[in-house]
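Shown here: structure_14.tsv, TSV, C-alpha atoms.
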```tsv
chain	number	residue	atom	x	y	z
A	1	MET	CA	14.02	-4.52	-3.27
A	2	ALA	CA	10.90	-2.78	-2.01
A	3	HIS	CA	7.37	-3.94	-1.48
A	4	ILE	CA	4.54	-2.66	-3.66
A	5	VAL	CA	0.93	-1.83	-2.80
A	6	THR	CA	-1.13	-2.98	-5.76
A	7	SER	CA	-4.44	-1.72	-7.05
A	8	LYS	CA	-6.13	-4.36	-4.90
A	9	CYS	CA	-5.92	-1.69	-2.18
A	10	LEU	CA	-7.95	0.75	-4.28
A	11	GLY	CA	-11.36	1.16	-2.71
A	12	CYS	CA	-10.30	-0.55	0.52
A	13	LYS	CA	-7.45	1.33	2.13
A	14	PHE	CA	-7.13	-1.01	5.06
A	15	THR	CA	-4.29	0.38	7.17
A	16	ASP	CA	-3.43	-2.67	9.27
A	17	CYS	CA	-0.07	-2.71	7.47
A	18	VAL	CA	1.12	0.68	8.68
A	19	GLU	CA	1.17	-0.30	12.33
A	20	VAL	CA	3.66	-3.12	11.78
A	21	CYS	CA	5.98	-1.14	9.51
A	22	PRO	CA	9.22	-0.39	11.38
A	23	VAL	CA	10.33	2.40	9.03
A	24	ALA	CA	7.18	4.44	8.26
A	25	CYS	CA	7.23	4.01	4.48
A	26	PHE	CA	3.47	4.03	3.79
A	27	TYR	CA	1.85	7.10	2.27
A	28	GLU	CA	-1.82	7.75	1.82
A	29	LEU	CA	-3.74	8.61	-1.33
A	30	ASP	CA	-7.48	9.25	-1.36
A	31	GLY	CA	-8.31	5.70	-2.44
A	32	GLN	CA	-5.33	3.58	-1.41
A	33	LEU	CA	-1.91	3.40	0.21
A	34	VAL	CA	1.51	3.33	-1.45
A	35	ILE	CA	4.96	2.32	-0.17
A	36	HIS	CA	7.97	4.58	-0.67
A	37	PRO	CA	10.48	2.31	-2.47
A	38	GLU	CA	13.59	3.95	-1.02
A	39	ASP	CA	12.32	3.87	2.56
A	40	CYS	CA	11.04	0.27	2.53
A	41	ILE	CA	13.54	-2.12	4.12
A	42	ASP	CA	11.89	-5.23	2.67
A	43	CYS	CA	11.08	-6.69	6.08
A	44	THR	CA	7.82	-8.30	4.85
A	45	ALA	CA	5.95	-7.42	8.07
A	46	CYS	CA	3.18	-5.66	6.15
A	47	VAL	CA	2.41	-8.48	3.73
A	48	ALA	CA	0.55	-10.73	6.17
A	49	GLU	CA	-1.39	-7.81	7.64
A	50	CYS	CA	-3.23	-6.85	4.46
A	51	PRO	CA	-6.74	-8.36	4.47
A	52	VAL	CA	-6.90	-8.28	0.64
A	53	GLU	CA	-3.33	-9.41	-0.05
A	54	ALA	CA	-2.55	-6.17	-1.89
A	55	ILE	CA	1.14	-6.03	-0.93
A	56	TYR	CA	3.85	-7.90	-2.82
A	57	ALA	CA	7.63	-7.94	-2.85
A	58	GLU	CA	8.81	-6.28	-6.05
A	59	GLY	CA	10.28	-9.56	-7.31
A	60	ASP	CA	7.03	-11.44	-6.66
A	61	LEU	CA	4.72	-8.91	-8.29
A	62	PRO	CA	2.28	-10.73	-10.60
A	63	GLY	CA	2.28	-9.59	-14.22
A	64	GLU	CA	-1.18	-8.08	-13.97
A	65	TYR	CA	0.13	-5.60	-11.37
A	66	GLN	CA	3.38	-4.56	-13.11
A	67	SER	CA	2.00	-1.09	-13.86
A	68	ASN	CA	1.50	-0.63	-10.11
A	69	LEU	CA	5.28	-0.65	-9.65
A	70	GLU	CA	5.77	2.72	-11.34
A	71	PHE	CA	2.53	4.15	-9.93
A	72	ASN	CA	3.54	3.18	-6.39
A	73	ALA	CA	7.00	4.77	-6.69
A	74	THR	CA	5.80	7.92	-8.44
A	75	GLU	CA	2.98	8.60	-6.02
A	76	ALA	CA	5.01	7.81	-2.89
A	77	ASN	CA	7.77	10.16	-4.06
A	78	ARG	CA	5.27	12.89	-4.95
A	79	ILE	CA	3.56	12.72	-1.57
A	80	LYS	CA	6.80	12.62	0.43
A	81	GLU	CA	8.33	15.47	-1.57
A	82	SER	CA	5.21	17.57	-0.96
A	83	GLY	CA	6.05	17.43	2.74
A	84	LYS	CA	3.32	15.06	3.86
A	85	GLU	CA	4.26	12.60	6.56
A	86	ALA	CA	4.03	8.84	6.27
A	87	ILE	CA	0.92	7.27	7.77
A	88	LEU	CA	1.78	5.68	11.13
A	89	LYS	CA	-1.51	4.71	12.75
A	90	LYS	CA	-4.35	2.46	11.70
A	91	LYS	CA	-7.40	4.32	10.41
A	92	GLU	CA	-10.87	3.24	9.44
A	93	PRO	CA	-10.95	1.70	5.95
A	94	LEU	CA	-12.92	3.36	3.19
A	95	PRO	CA	-16.71	2.96	3.28
A	96	THR	CA	-16.38	0.77	0.17
A	97	ALA	CA	-13.85	-1.57	1.80
A	98	ALA	CA	-16.18	-4.43	2.73
A	99	GLN	CA	-17.70	-4.49	-0.75
A	100	ARG	CA	-14.28	-4.30	-2.42
A	101	LYS	CA	-12.93	-7.06	-0.19
A	102	ALA	CA	-15.85	-9.30	-1.19
A	103	GLU	CA	-15.34	-8.47	-4.88
A	104	LEU	CA	-11.72	-9.56	-4.55
A	105	GLY	CA	-12.83	-12.83	-2.97
A	106	TYR	CA	-11.60	-12.34	0.57
```

Would you encode the structure as structure tokens?
Amino acid sequence: MAHIVTSKCLGCKFTDCVEVCPVACFYELDGQLVIHPEDCIDCTACVAECPVEAIYAEGDLPGEYQSNLEFNATEANRIKESGKEAILKKKEPLPTAAQRKAELGY
């Protein structure tokens, strides 16, 4: 069972999670990150690192984020198959990250 980056990441793109990932399964979109479901080893290391609690185990995914399951898998596969590498190092969050974090109540 993989972990899922939900739409809570959209507009933030905090990358604290990528530095603790032992298998390099995070891929980067313009507005958020996604986790490759076949590469994720379900170690849970990333969950506590996300400042907006955007990462869930597949089995714990709240109903409101169920559509993120397919989006996450589709986008991660598309990016990996295009030849792009997984993101390995922490980067600056998006300029909208502080505002988005506040909107989410964190």

Given the choices A:Ile87, A:Val23, A:Leu29, A:Ala76, which gets closest to A:Ala45 if the distance is worked out from all atoms listed in the file?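 Of A:Ile87, A:Val23, A:Leu29, A:Ala76, the one nearest A:Ala45 is A:Val23, counting all atoms listed in the file.
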
Work out how far apart atom CA of A:Gly11 and atom CA of A:Ile41 are and give it in Å to one decimal. 26.0 Å

Between atom CA of A:Pro93 and atom CA of A:Cys25, what is the spacing in Å? 18.4 Å

Pick from A:Val52, A:Val47, A:Val20, A:Ile4 nearest to A:Glu103, counting only C-alpha atoms: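 That would be A:Val52, the residue with the smallest distance to A:Glu103.
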
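For the set A:Cys40, A:Leu33, A:Met1, A:Val18, the residue with the smallest atom-to-atom gap to A:Asn72 is A:Leu33, counting only C-alpha atoms.
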
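Nearest to A:Glu85 of all the residues A:Phe71, A:Cys50, A:Glu28, A:Pro62 is A:Glu28, counting all atoms listed in the file.
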
Leaving out A:Cys46 and any residue of its chain fewer than 6 positions from it, which residues lie within 9 Å of it when counting all atoms listed in the file, given as a ChimeraX atom specification? /A:3,16-21,55

Extract, using all atoms listed in the file, all DNA, RNA and protein residues at most 10 Å from A:Lys101, discarding same-chain residues fewer than 6 positions from it, and format them as a ChimeraX atom specification. /A:8-9,11-12,14,51-53

Residue with the minimum atom-to-atom distance to A:Ile35, picked from A:Gly63, A:Glu49, A:Ala2, A:Lys13 with all atoms listed in the file counted, is A:Ala2

Which residue out of A:Ile79, A:Ala73, A:Ala97, A:Val5 has the minimum interatomic distance to A:Pro37 when only C-alpha atoms are used?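 When distances to A:Pro37 are compared using only C-alpha atoms, the smallest one comes from A:Ala73.
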
Between atom CA of A:Cys43 and atom CA of A:Tyr56, what distance in Å does the model show, to one decimal?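 Answer for the atom CA of A:Cys43 to atom CA of A:Tyr56 separation: 11.5 Å.
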
Could you get me a file of stretch 91-104 of chain A with all heavy atoms, as an mmCIF file, in the first residue's frame, taken from the block above?
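Saved to out13.cif:
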```
data_model
loop_
_atom_site.group_PDB
_atom_site.id
_atom_site.type_symbol
_atom_site.label_atom_id
_atom_site.label_comp_id
_atom_site.auth_asym_id
_atom_site.auth_seq_id
_atom_site.Cartn_x
_atom_site.Cartn_y
_atom_site.Cartn_z
ATOM 1 N N LYS A 91 13.515 21.887 -1.737
ATOM 2 C CA LYS A 91 13.525 23.127 -2.502
ATOM 3 C C LYS A 91 12.680 24.149 -1.768
ATOM 4 O O LYS A 91 11.934 23.809 -0.844
ATOM 5 C CB LYS A 91 12.907 22.899 -3.893
ATOM 6 C CG LYS A 91 13.673 21.952 -4.773
ATOM 7 C CD LYS A 91 12.978 21.850 -6.120
ATOM 8 C CE LYS A 91 13.754 20.964 -7.069
ATOM 9 N NZ LYS A 91 13.131 20.937 -8.400
ATOM 10 N N GLU A 92 12.741 25.365 -2.214
ATOM 11 C CA GLU A 92 11.885 26.404 -1.652
ATOM 12 C C GLU A 92 10.437 26.083 -2.010
ATOM 13 O O GLU A 92 10.156 25.666 -3.138
ATOM 14 C CB GLU A 92 12.261 27.777 -2.214
ATOM 15 C CG GLU A 92 13.560 28.335 -1.674
ATOM 16 C CD GLU A 92 13.503 28.580 -0.173
ATOM 17 O OE1 GLU A 92 12.503 29.143 0.314
ATOM 18 O OE2 GLU A 92 14.472 28.204 0.514
ATOM 19 N N PRO A 93 9.512 26.285 -1.084
ATOM 20 C CA PRO A 93 8.097 26.066 -1.411
ATOM 21 C C PRO A 93 7.624 27.139 -2.400
ATOM 22 O O PRO A 93 8.329 28.113 -2.665
ATOM 23 C CB PRO A 93 7.388 26.188 -0.067
ATOM 24 C CG PRO A 93 8.312 26.966 0.798
ATOM 25 C CD PRO A 93 9.703 26.701 0.299
ATOM 26 N N LEU A 94 6.441 26.956 -2.907
ATOM 27 C CA LEU A 94 5.870 27.934 -3.826
ATOM 28 C C LEU A 94 5.661 29.264 -3.110
ATOM 29 O O LEU A 94 5.466 29.293 -1.890
ATOM 30 C CB LEU A 94 4.530 27.422 -4.355
ATOM 31 C CG LEU A 94 4.591 26.180 -5.238
ATOM 32 C CD1 LEU A 94 3.180 25.720 -5.594
ATOM 33 C CD2 LEU A 94 5.390 26.451 -6.499
ATOM 34 N N PRO A 95 5.655 30.372 -3.848
ATOM 35 C CA PRO A 95 5.414 31.679 -3.230
ATOM 36 C C PRO A 95 4.065 31.762 -2.508
ATOM 37 O O PRO A 95 3.897 32.571 -1.603
ATOM 38 C CB PRO A 95 5.456 32.650 -4.412
ATOM 39 C CG PRO A 95 6.203 31.944 -5.486
ATOM 40 C CD PRO A 95 5.962 30.480 -5.270
ATOM 41 N N THR A 96 3.134 30.923 -2.886
ATOM 42 C CA THR A 96 1.801 30.913 -2.277
ATOM 43 C C THR A 96 1.713 29.984 -1.066
ATOM 44 O O THR A 96 0.649 29.840 -0.466
ATOM 45 C CB THR A 96 0.755 30.467 -3.313
ATOM 46 O OG1 THR A 96 1.162 29.191 -3.852
ATOM 47 C CG2 THR A 96 0.613 31.474 -4.439
ATOM 48 N N ALA A 97 2.817 29.365 -0.685
ATOM 49 C CA ALA A 97 2.801 28.336 0.359
ATOM 50 C C ALA A 97 2.340 28.842 1.717
ATOM 51 O O ALA A 97 1.523 28.196 2.375
ATOM 52 C CB ALA A 97 4.173 27.685 0.480
ATOM 53 N N ALA A 98 2.835 29.979 2.156
ATOM 54 C CA ALA A 98 2.451 30.490 3.479
ATOM 55 C C ALA A 98 0.960 30.800 3.525
ATOM 56 O O ALA A 98 0.283 30.463 4.504
ATOM 57 C CB ALA A 98 3.268 31.735 3.825
ATOM 58 N N GLN A 99 0.458 31.403 2.468
ATOM 59 C CA GLN A 99 -0.978 31.716 2.409
ATOM 60 C C GLN A 99 -1.811 30.442 2.386
ATOM 61 O O GLN A 99 -2.796 30.315 3.093
ATOM 62 C CB GLN A 99 -1.278 32.561 1.180
ATOM 63 C CG GLN A 99 -2.753 32.891 1.019
ATOM 64 C CD GLN A 99 -3.042 33.668 -0.261
ATOM 65 O OE1 GLN A 99 -2.147 34.204 -0.897
ATOM 66 N NE2 GLN A 99 -4.307 33.701 -0.634
ATOM 67 N N ARG A 100 -1.390 29.473 1.581
ATOM 68 C CA ARG A 100 -2.116 28.198 1.477
ATOM 69 C C ARG A 100 -2.098 27.453 2.819
ATOM 70 O O ARG A 100 -3.105 26.898 3.248
ATOM 71 C CB ARG A 100 -1.511 27.346 0.373
ATOM 72 C CG ARG A 100 -2.101 25.972 0.230
ATOM 73 C CD ARG A 100 -3.428 25.987 -0.447
ATOM 74 N NE ARG A 100 -3.816 24.619 -0.759
ATOM 75 C CZ ARG A 100 -5.021 24.137 -0.576
ATOM 76 N NH1 ARG A 100 -5.979 24.902 -0.135
ATOM 77 N NH2 ARG A 100 -5.287 22.884 -0.860
ATOM 78 N N LYS A 101 -0.958 27.466 3.468
ATOM 79 C CA LYS A 101 -0.822 26.805 4.770
ATOM 80 C C LYS A 101 -1.798 27.421 5.772
ATOM 81 O O LYS A 101 -2.477 26.707 6.505
ATOM 82 C CB LYS A 101 0.611 26.932 5.270
ATOM 83 C CG LYS A 101 0.897 26.200 6.558
ATOM 84 C CD LYS A 101 2.374 26.312 6.924
ATOM 85 C CE LYS A 101 2.653 25.647 8.244
ATOM 86 N NZ LYS A 101 4.067 25.783 8.642
ATOM 87 N N ALA A 102 -1.889 28.744 5.775
ATOM 88 C CA ALA A 102 -2.823 29.440 6.667
ATOM 89 C C ALA A 102 -4.275 29.104 6.323
ATOM 90 O O ALA A 102 -5.093 28.883 7.214
ATOM 91 C CB ALA A 102 -2.594 30.944 6.601
ATOM 92 N N GLU A 103 -4.584 29.046 5.023
ATOM 93 C CA GLU A 103 -5.938 28.696 4.593
ATOM 94 C C GLU A 103 -6.342 27.301 5.073
ATOM 95 O O GLU A 103 -7.502 27.045 5.385
ATOM 96 C CB GLU A 103 -6.050 28.741 3.065
ATOM 97 C CG GLU A 103 -6.021 30.131 2.473
ATOM 98 C CD GLU A 103 -5.882 30.110 0.953
ATOM 99 O OE1 GLU A 103 -5.833 29.008 0.345
ATOM 100 O OE2 GLU A 103 -5.809 31.203 0.368
ATOM 101 N N LEU A 104 -5.362 26.415 5.112
ATOM 102 C CA LEU A 104 -5.617 25.043 5.545
ATOM 103 C C LEU A 104 -5.660 24.921 7.072
ATOM 104 O O LEU A 104 -5.980 23.866 7.606
ATOM 105 C CB LEU A 104 -4.554 24.092 4.984
ATOM 106 C CG LEU A 104 -4.616 23.876 3.468
ATOM 107 C CD1 LEU A 104 -3.344 23.156 2.977
ATOM 108 C CD2 LEU A 104 -5.854 23.100 3.072
#
```
